[in-house]
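Pasted below: input.cif, mmCIF, C-alpha atoms.
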data_structure
loop_
_atom_site.label_atom_id
_atom_site.label_comp_id
_atom_site.auth_asym_id
_atom_site.auth_seq_id
_atom_site.Cartn_x
_atom_site.Cartn_y
_atom_site.Cartn_z
CA MET A 1 -21.50 -10.85 -0.29
CA LYS A 2 -21.60 -8.31 -3.08
CA MET A 3 -18.61 -6.64 -4.68
CA TYR A 4 -18.10 -3.79 -7.09
CA GLY A 5 -15.15 -4.71 -9.29
CA ASN A 6 -13.77 -4.58 -12.80
CA TRP A 7 -12.31 -7.27 -15.06
CA ARG A 8 -8.90 -5.57 -15.25
CA SER A 9 -8.51 -4.29 -11.67
CA ALA A 10 -5.56 -5.96 -9.95
CA ALA A 11 -7.05 -5.06 -6.57
CA ALA A 12 -10.45 -6.64 -7.34
CA PHE A 13 -8.61 -9.71 -8.70
CA ARG A 14 -6.85 -10.24 -5.34
CA VAL A 15 -10.12 -10.13 -3.43
CA ARG A 16 -11.84 -12.41 -5.97
CA ILE A 17 -9.12 -15.04 -5.45
CA ALA A 18 -9.49 -14.84 -1.66
CA LEU A 19 -13.28 -15.26 -1.91
CA ASN A 20 -12.80 -18.30 -4.16
CA LEU A 21 -10.18 -19.86 -1.88
CA LYS A 22 -12.34 -19.35 1.19
CA GLY A 23 -15.47 -20.56 -0.60
CA ILE A 24 -17.42 -17.34 0.07
CA PRO A 25 -20.19 -16.76 -2.50
CA CYS A 26 -20.05 -13.23 -3.91
CA GLU A 27 -21.97 -11.46 -6.63
CA GLU A 28 -19.75 -9.04 -8.54
CA THR A 29 -20.97 -5.90 -10.28
CA PHE A 30 -18.54 -4.73 -12.92
CA ILE A 31 -17.77 -1.00 -13.06
CA ASP A 32 -16.54 0.26 -16.44
CA LEU A 33 -13.30 2.07 -15.51
CA ASP A 34 -12.59 3.06 -19.13
CA ALA A 35 -15.96 4.80 -19.34
CA GLY A 36 -15.21 6.56 -16.02
CA ASP A 37 -18.16 4.98 -14.20
CA GLN A 38 -16.07 4.95 -11.00
CA HIS A 39 -16.39 8.76 -10.94
CA ALA A 40 -20.21 8.80 -11.35
CA PRO A 41 -22.06 10.29 -8.34
CA GLU A 42 -23.87 6.97 -7.70
CA PHE A 43 -20.56 5.15 -7.34
CA ARG A 44 -18.89 7.96 -5.38
CA ARG A 45 -21.64 7.45 -2.80
CA ILE A 46 -20.47 3.85 -2.49
CA ASN A 47 -16.74 4.63 -2.44
CA PRO A 48 -15.76 8.32 -2.26
CA GLN A 49 -12.37 7.30 -3.59
CA GLY A 50 -13.92 6.26 -6.90
CA ALA A 51 -12.00 2.99 -6.86
CA VAL A 52 -12.72 -0.73 -6.89
CA PRO A 53 -13.06 -3.08 -5.11
CA ALA A 54 -15.86 -2.16 -2.71
CA LEU A 55 -17.23 -5.15 -0.83
CA PHE A 56 -20.62 -5.38 0.88
CA ASP A 57 -20.85 -7.90 3.69
CA GLY A 58 -24.31 -7.67 5.22
CA ASP A 59 -25.81 -4.35 6.24
CA GLY A 60 -22.77 -2.22 7.01
CA PRO A 61 -21.03 0.31 4.81
CA PRO A 62 -18.82 -1.01 2.00
CA LEU A 63 -15.35 -2.28 2.78
CA THR A 64 -12.61 -0.74 0.63
CA GLN A 65 -8.89 -1.16 -0.07
CA SER A 66 -7.91 -4.65 -1.16
CA LEU A 67 -5.41 -5.42 1.63
CA ALA A 68 -7.87 -4.24 4.30
CA ILE A 69 -10.53 -6.48 2.73
CA LEU A 70 -8.13 -9.45 2.69
CA ASP A 71 -7.41 -8.97 6.41
CA TYR A 72 -11.14 -8.60 7.13
CA LEU A 73 -11.90 -11.84 5.30
CA GLU A 74 -9.06 -13.51 7.21
CA GLU A 75 -10.52 -12.38 10.53
CA THR A 76 -14.14 -13.21 9.76
CA HIS A 77 -13.61 -16.38 7.67
CA PRO A 78 -10.45 -17.96 9.13
CA ASP A 79 -11.26 -21.50 8.01
CA VAL A 80 -9.10 -21.44 4.91
CA PRO A 81 -6.23 -19.34 6.24
CA LEU A 82 -4.42 -17.06 3.80
CA LEU A 83 -1.81 -15.92 6.30
CA PRO A 84 0.58 -18.13 8.28
CA ALA A 85 0.03 -18.47 12.03
CA GLU A 86 3.52 -17.37 13.14
CA PRO A 87 4.03 -13.57 13.43
CA ARG A 88 7.35 -13.38 11.54
CA ALA A 89 6.01 -15.48 8.68
CA ARG A 90 2.84 -13.35 8.61
CA ALA A 91 4.99 -10.22 8.49
CA ARG A 92 7.01 -11.59 5.57
CA ALA A 93 3.86 -12.55 3.63
CA ARG A 94 2.42 -9.10 4.25
CA SER A 95 5.68 -7.37 3.35
CA LEU A 96 5.83 -9.19 0.00
CA ALA A 97 2.15 -8.38 -0.61
CA GLN A 98 2.88 -4.72 0.06
CA VAL A 99 5.78 -4.59 -2.40
CA VAL A 100 3.00 -5.11 -4.94
CA ALA A 101 -0.01 -3.38 -3.38
CA CYS A 102 1.80 -0.32 -1.95
CA ASP A 103 4.97 0.20 -3.97
CA THR A 104 4.09 -1.01 -7.45
CA HIS A 105 0.42 -1.20 -8.38
CA PRO A 106 -0.55 2.36 -7.25
CA LEU A 107 1.98 3.73 -9.78
CA TYR A 108 0.12 2.40 -12.82
CA VAL A 109 -3.57 2.82 -11.96
CA PRO A 110 -5.76 4.74 -14.47
CA ARG A 111 -5.65 8.06 -12.61
CA VAL A 112 -1.83 8.14 -12.67
CA ARG A 113 -1.63 7.19 -16.35
CA THR A 114 -4.18 9.86 -17.18
CA TYR A 115 -2.33 12.50 -15.17
CA LEU A 116 0.97 11.81 -16.92
CA MET A 117 -0.65 12.18 -20.35
CA ASP A 118 -2.86 15.17 -19.53
CA ALA A 119 -0.67 17.26 -17.22
CA TYR A 120 2.67 16.55 -18.90
CA GLY A 121 1.37 16.07 -22.45
CA LEU A 122 3.13 12.70 -22.75
CA PRO A 123 2.07 10.50 -25.65
CA LYS A 124 0.73 7.11 -24.55
CA GLU A 125 3.91 5.23 -25.49
CA ARG A 126 6.12 7.55 -23.39
CA MET A 127 3.67 7.37 -20.48
CA LEU A 128 3.94 3.59 -20.65
CA ASP A 129 7.69 3.88 -19.95
CA PHE A 130 6.71 4.94 -16.43
CA VAL A 131 4.30 2.01 -16.11
CA ARG A 132 6.88 -0.52 -17.30
CA HIS A 133 9.53 1.00 -15.03
CA ALA A 134 7.16 0.57 -12.08
CA PHE A 135 6.52 -3.08 -12.99
CA GLU A 136 10.21 -3.80 -13.47
CA THR A 137 11.21 -2.16 -10.19
CA GLY A 138 8.62 -4.22 -8.30
CA LEU A 139 9.47 -7.44 -10.14
CA LYS A 140 13.19 -7.03 -9.40
CA VAL A 141 12.55 -6.62 -5.68
CA LEU A 142 10.24 -9.62 -5.63
CA GLU A 143 12.64 -11.82 -7.63
CA THR A 144 15.59 -10.90 -5.39
CA ARG A 145 13.66 -11.55 -2.21
CA LEU A 146 11.89 -14.71 -3.36
CA SER A 147 15.07 -16.25 -4.77
CA THR A 148 17.26 -15.47 -1.73
CA GLU A 149 15.07 -15.45 1.39
CA ASP A 150 14.63 -18.66 3.39
CA GLY A 151 10.86 -18.28 3.67
CA THR A 152 10.12 -19.02 0.02
CA GLY A 153 8.63 -22.43 -0.77
CA ARG A 154 6.13 -23.71 -3.27
CA TYR A 155 4.50 -20.32 -2.76
CA CYS A 156 5.85 -16.91 -1.72
CA GLN A 157 5.71 -17.81 1.98
CA GLY A 158 6.30 -21.51 2.54
CA ASP A 159 4.05 -24.15 1.03
CA ARG A 160 0.68 -22.51 1.59
CA VAL A 161 -0.99 -19.77 -0.38
CA SER A 162 -0.93 -16.37 1.35
CA HIS A 163 -1.80 -12.75 0.63
CA ALA A 164 1.65 -12.47 -0.95
CA ASP A 165 0.64 -14.88 -3.72
CA LEU A 166 -2.65 -13.11 -4.39
CA CYS A 167 -0.74 -9.86 -4.86
CA LEU A 168 2.07 -11.49 -6.85
CA VAL A 169 -0.39 -13.03 -9.29
CA SER A 170 -2.25 -9.73 -9.68
CA LEU A 171 1.04 -8.12 -10.71
CA TYR A 172 2.06 -11.03 -12.95
CA VAL A 173 -1.17 -10.95 -14.93
CA GLY A 174 -0.66 -7.20 -15.35
CA THR A 175 2.67 -7.81 -17.09
CA GLY A 176 0.68 -9.45 -19.89
CA ILE A 177 -1.76 -6.55 -20.14
CA PHE A 178 1.03 -3.91 -20.25
CA GLY A 179 3.57 -5.88 -22.30
CA VAL A 180 6.26 -6.31 -19.64
CA ASP A 181 8.78 -9.11 -20.25
CA THR A 182 9.07 -11.48 -17.26
CA GLN A 183 12.00 -13.62 -18.50
CA ALA A 184 14.35 -12.10 -15.92
CA TYR A 185 12.11 -13.10 -13.00
CA PRO A 186 12.02 -16.92 -12.96
CA THR A 187 10.99 -17.32 -9.30
CA VAL A 188 8.14 -14.85 -9.72
CA ARG A 189 7.04 -16.78 -12.82
CA ARG A 190 7.27 -20.17 -11.16
CA ILE A 191 5.11 -19.15 -8.22
CA ALA A 192 2.61 -17.19 -10.32
CA GLU A 193 2.19 -20.06 -12.81
CA THR A 194 1.80 -22.53 -9.92
CA CYS A 195 -1.03 -20.40 -8.56
CA LEU A 196 -2.71 -19.78 -11.91
CA ALA A 197 -2.90 -23.54 -12.53
CA GLU A 198 -5.23 -23.79 -9.52
CA ASP A 199 -8.98 -23.44 -9.96
CA ALA A 200 -9.56 -20.65 -7.39
CA PHE A 201 -6.99 -18.46 -9.14
CA ALA A 202 -7.98 -19.47 -12.69
CA ARG A 203 -11.68 -18.66 -12.14
CA ALA A 204 -10.72 -15.25 -10.77
CA HIS A 205 -8.49 -14.38 -13.76
CA PRO A 206 -9.21 -10.95 -15.25
CA LEU A 207 -9.66 -12.33 -18.75
CA ARG A 208 -12.42 -14.64 -17.53
CA GLN A 209 -14.55 -11.78 -16.16
CA PRO A 210 -17.38 -9.94 -17.95
CA GLY A 211 -16.13 -6.99 -19.99
CA ALA A 212 -12.70 -8.50 -20.69
CA PRO A 213 -11.45 -8.63 -24.29
CA ALA A 214 -12.03 -12.01 -25.99
CA MET B 1 14.84 -3.46 18.64
CA LYS B 2 16.92 -1.75 15.97
CA MET B 3 15.58 0.14 13.00
CA TYR B 4 17.10 1.62 9.88
CA GLY B 5 15.19 4.82 9.14
CA ASN B 6 15.52 8.38 7.92
CA TRP B 7 14.38 11.67 9.39
CA ARG B 8 12.11 12.47 6.43
CA SER B 9 10.70 8.99 5.65
CA ALA B 10 6.94 8.90 6.18
CA ALA B 11 7.08 5.11 6.49
CA ALA B 12 9.77 5.17 9.21
CA PHE B 13 7.78 7.92 10.98
CA ARG B 14 4.71 5.65 11.24
CA VAL B 15 6.74 2.83 12.78
CA ARG B 16 8.52 5.24 15.16
CA ILE B 17 5.14 6.44 16.46
CA ALA B 18 3.94 2.86 17.01
CA LEU B 19 7.12 1.98 18.91
CA ASN B 20 6.66 5.06 21.11
CA LEU B 21 2.98 4.35 21.76
CA LYS B 22 3.69 0.74 22.66
CA GLY B 23 6.71 1.69 24.77
CA ILE B 24 9.12 -0.50 22.82
CA PRO B 25 12.74 0.72 23.06
CA CYS B 26 14.34 0.96 19.64
CA GLU B 27 17.70 2.24 18.43
CA GLU B 28 17.38 3.94 15.04
CA THR B 29 20.17 4.18 12.48
CA PHE B 30 19.58 7.00 10.02
CA ILE B 31 20.21 6.24 6.35
CA ASP B 32 20.96 9.30 4.19
CA LEU B 33 18.43 8.96 1.36
CA ASP B 34 19.63 12.14 -0.37
CA ALA B 35 23.15 10.73 -0.57
CA GLY B 36 21.72 7.47 -1.95
CA ASP B 37 22.96 5.36 0.97
CA GLN B 38 19.84 3.16 0.61
CA HIS B 39 21.32 1.85 -2.66
CA ALA B 40 24.72 0.97 -1.17
CA PRO B 41 25.53 -2.78 -1.29
CA GLU B 42 25.73 -2.93 2.52
CA PHE B 43 22.17 -1.64 2.84
CA ARG B 44 20.86 -3.72 -0.08
CA ARG B 45 21.95 -6.76 1.90
CA ILE B 46 19.65 -5.58 4.69
CA ASN B 47 16.74 -4.63 2.46
CA PRO B 48 17.04 -5.59 -1.23
CA GLN B 49 14.37 -2.98 -1.96
CA GLY B 50 16.74 -0.21 -0.84
CA ALA B 51 14.01 1.36 1.28
CA VAL B 52 13.43 2.26 4.90
CA PRO B 53 12.20 1.27 7.43
CA ALA B 54 13.89 -2.07 8.13
CA LEU B 55 13.30 -3.31 11.67
CA PHE B 56 15.39 -5.88 13.54
CA ASP B 57 13.58 -7.71 16.31
CA GLY B 58 15.98 -10.27 17.77
CA ASP B 59 17.88 -12.67 15.58
CA GLY B 60 15.66 -13.01 12.51
CA PRO B 61 15.96 -11.22 9.19
CA PRO B 62 14.82 -7.59 9.05
CA LEU B 63 11.14 -6.78 8.85
CA THR B 64 10.22 -4.44 6.00
CA GLN B 65 7.19 -2.48 4.71
CA SER B 66 5.69 -0.12 7.28
CA LEU B 67 2.17 -1.60 7.36
CA ALA B 68 3.52 -5.14 7.72
CA ILE B 69 5.70 -3.92 10.59
CA LEU B 70 2.72 -2.23 12.26
CA ASP B 71 0.72 -5.47 12.08
CA TYR B 72 3.70 -7.43 13.42
CA LEU B 73 4.06 -5.07 16.37
CA GLU B 74 0.32 -5.36 16.96
CA GLU B 75 0.52 -9.15 17.06
CA THR B 76 3.66 -9.37 19.19
CA HIS B 77 3.05 -6.37 21.51
CA PRO B 78 -0.75 -6.18 21.82
CA ASP B 79 -0.77 -4.37 25.17
CA VAL B 80 -1.29 -0.90 23.77
CA PRO B 81 -3.59 -1.82 20.87
CA LEU B 82 -3.36 0.28 17.70
CA LEU B 83 -6.24 -1.46 15.96
CA PRO B 84 -9.82 -1.79 17.26
CA ALA B 85 -11.04 -5.24 18.33
CA GLU B 86 -14.11 -5.42 16.07
CA PRO B 87 -13.42 -6.66 12.51
CA ARG B 88 -15.40 -3.95 10.66
CA ALA B 89 -13.75 -1.17 12.68
CA ARG B 90 -10.34 -2.78 12.07
CA ALA B 91 -11.09 -2.93 8.35
CA ARG B 92 -12.03 0.75 8.30
CA ALA B 93 -8.88 1.77 10.19
CA ARG B 94 -6.79 -0.29 7.79
CA SER B 95 -8.61 1.06 4.75
CA LEU B 96 -7.93 4.65 5.81
CA ALA B 97 -4.29 3.76 6.52
CA GLN B 98 -4.00 2.31 3.03
CA VAL B 99 -5.40 5.40 1.35
CA VAL B 100 -2.15 6.94 2.58
CA ALA B 101 0.31 4.04 2.52
CA CYS B 102 -0.83 2.44 -0.75
CA ASP B 103 -2.51 5.12 -2.83
CA THR B 104 -0.71 8.33 -1.91
CA HIS B 105 2.74 8.01 -0.33
CA PRO B 106 4.25 5.63 -2.97
CA LEU B 107 3.60 8.30 -5.62
CA TYR B 108 6.00 10.82 -4.11
CA VAL B 109 8.92 8.72 -2.84
CA PRO B 110 12.44 9.67 -4.01
CA ARG B 111 12.66 7.07 -6.78
CA VAL B 112 9.45 8.33 -8.44
CA ARG B 113 10.52 11.97 -8.20
CA THR B 114 13.91 11.10 -9.66
CA TYR B 115 12.35 9.10 -12.51
CA LEU B 116 10.06 11.97 -13.51
CA MET B 117 12.97 14.40 -13.68
CA ASP B 118 15.49 12.05 -15.32
CA ALA B 119 13.35 10.07 -17.77
CA TYR B 120 10.98 12.88 -18.77
CA GLY B 121 13.40 15.77 -18.32
CA LEU B 122 10.96 17.63 -16.08
CA PRO B 123 12.34 20.54 -14.08
CA LYS B 124 11.92 20.13 -10.33
CA GLU B 125 9.01 22.55 -10.10
CA ARG B 126 7.01 20.70 -12.79
CA MET B 127 7.82 17.35 -11.18
CA LEU B 128 6.41 18.72 -7.93
CA ASP B 129 3.05 19.22 -9.66
CA PHE B 130 2.76 15.42 -9.67
CA VAL B 131 3.70 15.24 -5.99
CA ARG B 132 1.20 17.90 -4.98
CA HIS B 133 -1.51 16.26 -7.10
CA ALA B 134 -0.85 12.97 -5.28
CA PHE B 135 -1.12 14.68 -1.88
CA GLU B 136 -4.30 16.53 -2.84
CA THR B 137 -5.98 13.41 -4.25
CA GLY B 138 -5.25 11.50 -1.05
CA LEU B 139 -6.23 14.39 1.22
CA LYS B 140 -9.58 14.82 -0.60
CA VAL B 141 -10.44 11.14 -0.15
CA LEU B 142 -9.48 11.26 3.53
CA GLU B 143 -11.40 14.49 4.20
CA THR B 144 -14.54 13.17 2.48
CA ARG B 145 -14.41 9.88 4.34
CA LEU B 146 -13.46 11.29 7.75
CA SER B 147 -16.08 14.05 7.59
CA THR B 148 -18.97 11.80 6.44
CA GLU B 149 -18.41 8.30 7.79
CA ASP B 150 -19.89 7.30 11.14
CA GLY B 151 -16.69 5.71 12.41
CA THR B 152 -14.78 8.98 12.84
CA GLY B 153 -14.31 10.23 16.40
CA ARG B 154 -11.56 12.04 18.22
CA TYR B 155 -9.27 10.03 15.93
CA CYS B 156 -9.75 8.51 12.47
CA GLN B 157 -11.47 5.44 13.90
CA GLY B 158 -13.41 6.23 17.04
CA ASP B 159 -11.74 7.65 20.11
CA ARG B 160 -8.56 5.55 20.14
CA VAL B 161 -5.43 5.95 18.09
CA SER B 162 -5.10 3.40 15.28
CA HIS B 163 -2.87 2.67 12.28
CA ALA B 164 -5.06 5.12 10.35
CA ASP B 165 -3.83 8.02 12.52
CA LEU B 166 -0.19 7.00 12.20
CA CYS B 167 -0.55 7.09 8.42
CA LEU B 168 -2.64 10.26 8.42
CA VAL B 169 -0.03 12.11 10.47
CA SER B 170 2.78 10.87 8.21
CA LEU B 171 0.93 12.38 5.25
CA TYR B 172 0.06 15.58 7.09
CA VAL B 173 3.65 16.28 8.07
CA GLY B 174 4.60 15.70 4.43
CA THR B 175 2.31 18.54 3.34
CA GLY B 176 4.62 20.89 5.22
CA ILE B 177 7.73 19.45 3.60
CA PHE B 178 6.29 19.68 0.06
CA GLY B 179 4.34 22.91 0.45
CA VAL B 180 0.81 21.53 0.11
CA ASP B 181 -1.97 23.75 1.48
CA THR B 182 -4.25 21.87 3.93
CA GLN B 183 -6.92 24.58 4.44
CA ALA B 184 -9.50 22.57 2.49
CA TYR B 185 -9.13 19.53 4.75
CA PRO B 186 -10.31 20.60 8.23
CA THR B 187 -11.08 17.12 9.56
CA VAL B 188 -7.68 15.82 8.48
CA ARG B 189 -6.09 18.83 10.20
CA ARG B 190 -8.09 18.43 13.38
CA ILE B 191 -7.14 14.79 13.82
CA ALA B 192 -3.50 15.27 12.78
CA GLU B 193 -3.04 18.22 15.15
CA THR B 194 -4.71 16.26 17.97
CA CYS B 195 -2.19 13.47 17.44
CA LEU B 196 0.84 15.74 17.09
CA ALA B 197 0.05 17.36 20.43
CA GLU B 198 0.68 13.98 22.07
CA ASP B 199 4.15 13.04 23.26
CA ALA B 200 4.49 9.72 21.38
CA PHE B 201 3.75 11.48 18.09
CA ALA B 202 5.73 14.62 18.87
CA ARG B 203 8.90 12.70 19.76
CA ALA B 204 8.62 10.74 16.51
CA HIS B 205 8.29 13.90 14.36
CA PRO B 206 10.63 13.97 11.36
CA LEU B 207 12.01 17.39 12.26
CA ARG B 208 13.09 16.07 15.67
CA GLN B 209 15.27 13.30 14.20
CA PRO B 210 19.02 13.44 13.46
CA GLY B 211 19.76 14.78 9.99
CA ALA B 212 16.65 16.98 9.82
CA PRO B 213 17.05 20.65 8.87
CA ALA B 214 17.10 22.98 11.88
#
Render the structure in this file as C-alpha cells.
Amino acid sequence: MKMYGNWRSAAAFRVRIALNLKGIPCEETFIDLDAGDQHAPEFRRINPQGAVPALFDGDGPPLTQSLAILDYLEETHPDVPLLPAEPRARARARSLAQVVACDTHPLYVPRVRTYLMDAYGLPKERMLDFVRHAFETGLKVLETRLSTEDGTGRYCQGDRVSHADLCLVSLYVGTGIFGVDTQAYPTVRRIAETCLAEDAFARAHPLRQPGAPA
Amino acid sequence: MKMYGNWRSAAAFRVRIALNLKGIPCEETFIDLDAGDQHAPEFRRINPQGAVPALFDGDGPPLTQSLAILDYLEETHPDVPLLPAEPRARARARSLAQVVACDTHPLYVPRVRTYLMDAYGLPKERMLDFVRHAFETGLKVLETRLSTEDGTGRYCQGDRVSHADLCLVSLYVGTGIFGVDTQAYPTVRRIAETCLAEDAFARAHPLRQPGAPA
C-alpha cells in the first residue's frame, strides 16, 4: 500500500499503527502541512479535502478519512482484529474512538487554528486556549468513561487493542505537542503508555517520522 | 429501543432515519439542549459526555456516538442494509459520512458556539461566521467529491441509501437552521432532496419532532 501522511497528523498516526499491527507493508509519502502542500492542486487531485491520510490500496481511488480506512483494513485484513467480535463491545470501542476522532481532533486541526487567528484576529496564545479546551473536554469524557465503564481492561475495550486505543494514543501524543497537562487523566495515561510501550505503536509515533523535530 | 435525542440534533436525526429505514420501533425522549438538560446529573449518568443521542437496546448500557450506533444497528439489524457489501464502496460511504460527522458537525455543536461567545467575547453574529465557514468547508468537499467521483448515483454511494446519505441530510437540514446558502452545491441538494422526499427521512425531520419551532 501507499499512504500520503504527515509526521504530526493524528489521523495518519492512527492508520500507521493499524498497518503496523496488521503487518501490512506501506510506503508513506509525507505532505508538509505547514508549507500548505495539502492545498496544492496535485494533492487536491488525490484528496479534494486537502487532508491526510489518503491510502492507496491497489488500483482504485484513494481511501480517505481515518476511521473509514480503519474499518476498511478491518474488513480486508481481518487476521489481526482491531475490533471485538461482539456487537456491543464493537460499538463501545467505536464510540470511544469517535470521542477522539469526531468530537475532539477536528477542533484543533490546522484549518481551524488558522481560521481563529485570521478571521477573529486572535494571537496564537489565545487561539491555543480553544485547542487546549478541546483536548481537556475530550480527555475528561474519556477518563470518566474509561474509569467507570465495565468494558475497560488492559486497553480501552477489554484486553485487546482496538480502534479506541489507536485514537486514544493519537490524542495523548497530541497533548505533548500542544502542552496539555494529563495529570488529571490517569486511566487515559495508563492505557496510552501501555500502548506506546509496544513496538507497533512506538514505530508509528509522530516524532519517529520524517520531518518531525529532533 | 429507547433513545434520548433532541429535535435539532443532527446526530440524533441520523439515528432516527436509520431506525425508520430498518423498521425498528424506538421511543424517543427529548432532552432540552437549550435549557442545558444534557448537563444535568441525571443525564450525565446516562451519557457522561452530556450529548445526544444515547440509545438503549435491551438491558445493556446506553450506546453513544451516532456513527457507532449506525454501525451497531447495521450489525444487529442487517435486513435493510445501510452500507454496501463491497469493502471499497463501504469505505467510500463511510468516508463521505465522516466528512460530515467528524470534520463538519463537531465544529458547530452548542458547546463550541458557547465557548466562542464566552471565552472570546464574540457577539452571536460573529460567532456564526465560524459556524457558516464550517458548513461551507464541508459542503464544498462533499460537492466536489459527489460531482466528480464515480461512486455517486441516485444517492451518495450508488443507488442505495447509505450512512453517507443520513449524514448528508443531517448537514443539509442544518443549513436551513443556520442560514447557509446551498445554491453552490447542486449535487448535495439533489441527493438531500431525493432523500427528504422519502417517508423514513421525512418522518425523522427535526422540524417534525416535539420541541421544534412551529
- Task: Check what the PyMOL selection byres ((chain A) within 7 of (chain B)) selects in the file above and give those residues as a list in words.
- Result: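 With the PyMOL selection byres ((chain A) within 7 of (chain B)) on this model, the match is Pro48, Gln49, Thr64, Gln65, Ala68, Ile69, Tyr72, Glu75, Pro87, Ala91, Arg94, Ser95, Gln98, Ala101, Cys102, Asp103, Pro106, Leu107, Val141, Thr144 and Arg145 of chain A.
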Go ahead and dump the residues you just picked, C-alpha atoms, as a PDB file, in the coordinates of the input.
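The file below, part09.pdb, is the result:
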ATOM      1  CA  PRO A  48     -15.760   8.320  -2.260  1.00  0.00           C
ATOM      2  CA  GLN A  49     -12.370   7.300  -3.590  1.00  0.00           C
ATOM      3  CA  THR A  64     -12.610  -0.740   0.630  1.00  0.00           C
ATOM      4  CA  GLN A  65      -8.890  -1.160  -0.070  1.00  0.00           C
ATOM      5  CA  ALA A  68      -7.870  -4.240   4.300  1.00  0.00           C
ATOM      6  CA  ILE A  69     -10.530  -6.480   2.730  1.00  0.00           C
ATOM      7  CA  TYR A  72     -11.140  -8.600   7.130  1.00  0.00           C
ATOM      8  CA  GLU A  75     -10.520 -12.380  10.530  1.00  0.00           C
ATOM      9  CA  PRO A  87       4.030 -13.570  13.430  1.00  0.00           C
ATOM     10  CA  ALA A  91       4.990 -10.220   8.490  1.00  0.00           C
ATOM     11  CA  ARG A  94       2.420  -9.100   4.250  1.00  0.00           C
ATOM     12  CA  SER A  95       5.680  -7.370   3.350  1.00  0.00           C
ATOM     13  CA  GLN A  98       2.880  -4.720   0.060  1.00  0.00           C
ATOM     14  CA  ALA A 101      -0.010  -3.380  -3.380  1.00  0.00           C
ATOM     15  CA  CYS A 102       1.800  -0.320  -1.950  1.00  0.00           C
ATOM     16  CA  ASP A 103       4.970   0.200  -3.970  1.00  0.00           C
ATOM     17  CA  PRO A 106      -0.550   2.360  -7.250  1.00  0.00           C
ATOM     18  CA  LEU A 107       1.980   3.730  -9.780  1.00  0.00           C
ATOM     19  CA  VAL A 141      12.550  -6.620  -5.680  1.00  0.00           C
ATOM     20  CA  THR A 144      15.590 -10.900  -5.390  1.00  0.00           C
ATOM     21  CA  ARG A 145      13.660 -11.550  -2.210  1.00  0.00           C
TER      22      ARG A 145
END
- Item | Residue IDs satisfying the PyMOL selection byres ((chain B and resi 159) around 12), as a PyMOL selection string | chain B and resi 82-84+89+93+151-158+160-162+165+191+194-195
Closest atom pairs, stretch 139-202 of chain B residues within 12 Å of stretch 6-14 of chain B, all atoms listed in the file, as CSV:
residue,atom,partner,partner_atom,distance
B:Ser162,CA,B:Arg14,CA,10.8
B:His163,CA,B:Arg14,CA,8.2
B:Ala164,CA,B:Arg14,CA,9.8
B:Asp165,CA,B:Arg14,CA,9.0
B:Leu166,CA,B:Arg14,CA,5.2
B:Cys167,CA,B:Arg14,CA,6.1
B:Leu168,CA,B:Arg14,CA,9.1
B:Val169,CA,B:Arg14,CA,8.0
B:Ser170,CA,B:Ala10,CA,5.0
B:Leu171,CA,B:Ala10,CA,7.0
B:Tyr172,CA,B:Ala10,CA,9.6
B:Val173,CA,B:Ala10,CA,8.3
B:Gly174,CA,B:Ala10,CA,7.4
B:Thr175,CA,B:Ala10,CA,11.1
B:Gly176,CA,B:Arg8,CA,11.3
B:Ile177,CA,B:Arg8,CA,8.7
B:Phe178,CA,B:Arg8,CA,11.2
B:Ala200,CA,B:Arg14,CA,10.9
B:Phe201,CA,B:Phe13,CA,8.9
B:Ala202,CA,B:Phe13,CA,10.6
Those same residues, written as a PDB file, in the coordinates of the input with C-alpha atoms?
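Printed below is selection-v4.pdb as written:
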ATOM      1  CA  SER B 162      -5.100   3.400  15.280  1.00  0.00           C
ATOM      2  CA  HIS B 163      -2.870   2.670  12.280  1.00  0.00           C
ATOM      3  CA  ALA B 164      -5.060   5.120  10.350  1.00  0.00           C
ATOM      4  CA  ASP B 165      -3.830   8.020  12.520  1.00  0.00           C
ATOM      5  CA  LEU B 166      -0.190   7.000  12.200  1.00  0.00           C
ATOM      6  CA  CYS B 167      -0.550   7.090   8.420  1.00  0.00           C
ATOM      7  CA  LEU B 168      -2.640  10.260   8.420  1.00  0.00           C
ATOM      8  CA  VAL B 169      -0.030  12.110  10.470  1.00  0.00           C
ATOM      9  CA  SER B 170       2.780  10.870   8.210  1.00  0.00           C
ATOM     10  CA  LEU B 171       0.930  12.380   5.250  1.00  0.00           C
ATOM     11  CA  TYR B 172       0.060  15.580   7.090  1.00  0.00           C
ATOM     12  CA  VAL B 173       3.650  16.280   8.070  1.00  0.00           C
ATOM     13  CA  GLY B 174       4.600  15.700   4.430  1.00  0.00           C
ATOM     14  CA  THR B 175       2.310  18.540   3.340  1.00  0.00           C
ATOM     15  CA  GLY B 176       4.620  20.890   5.220  1.00  0.00           C
ATOM     16  CA  ILE B 177       7.730  19.450   3.600  1.00  0.00           C
ATOM     17  CA  PHE B 178       6.290  19.680   0.060  1.00  0.00           C
ATOM     18  CA  ALA B 200       4.490   9.720  21.380  1.00  0.00           C
ATOM     19  CA  PHE B 201       3.750  11.480  18.090  1.00  0.00           C
ATOM     20  CA  ALA B 202       5.730  14.620  18.870  1.00  0.00           C
TER      21      ALA B 202
END
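From atom CA of B:Met3 back to atom CA of B:Pro53, the distance works out to 6.6 Å.
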- Message: List as a PyMOL selection string the protein and nucleic acid residues near A:Pro25, meaning an atom at most 9 Å away when all atoms listed in the file are counted, but skip any in the same chain fewer than 3 places from it.
- Response: chain A and resi 1-2+19-20
- Item | Distance in Å - atom CA of B:Pro213 versus atom CA of B:Ala197 |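 Value for the atom CA of B:Pro213-atom CA of B:Ala197 distance: 20.8 Å.
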With 3 Å of padding per side, what axis-aligned box (centre and edge lengths, Å, one decimal) covers all the listed atoms of stretch 87-94 of chain A? Give it as AutoDock Vina command-line options.
--center_x 4.9 --center_y -12.3 --center_z 8.5 --size_x 10.9 --size_y 12.4 --size_z 15.8
- Test item: the PyMOL selection byres ((chain A and resi 210) around 12) resolved as number ranges by chain: A: 5-8, 28-32, 203-209, 211-214
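Put simply, atom CA of A:Cys26 is 11.5 Å away from atom CA of A:Gly58.
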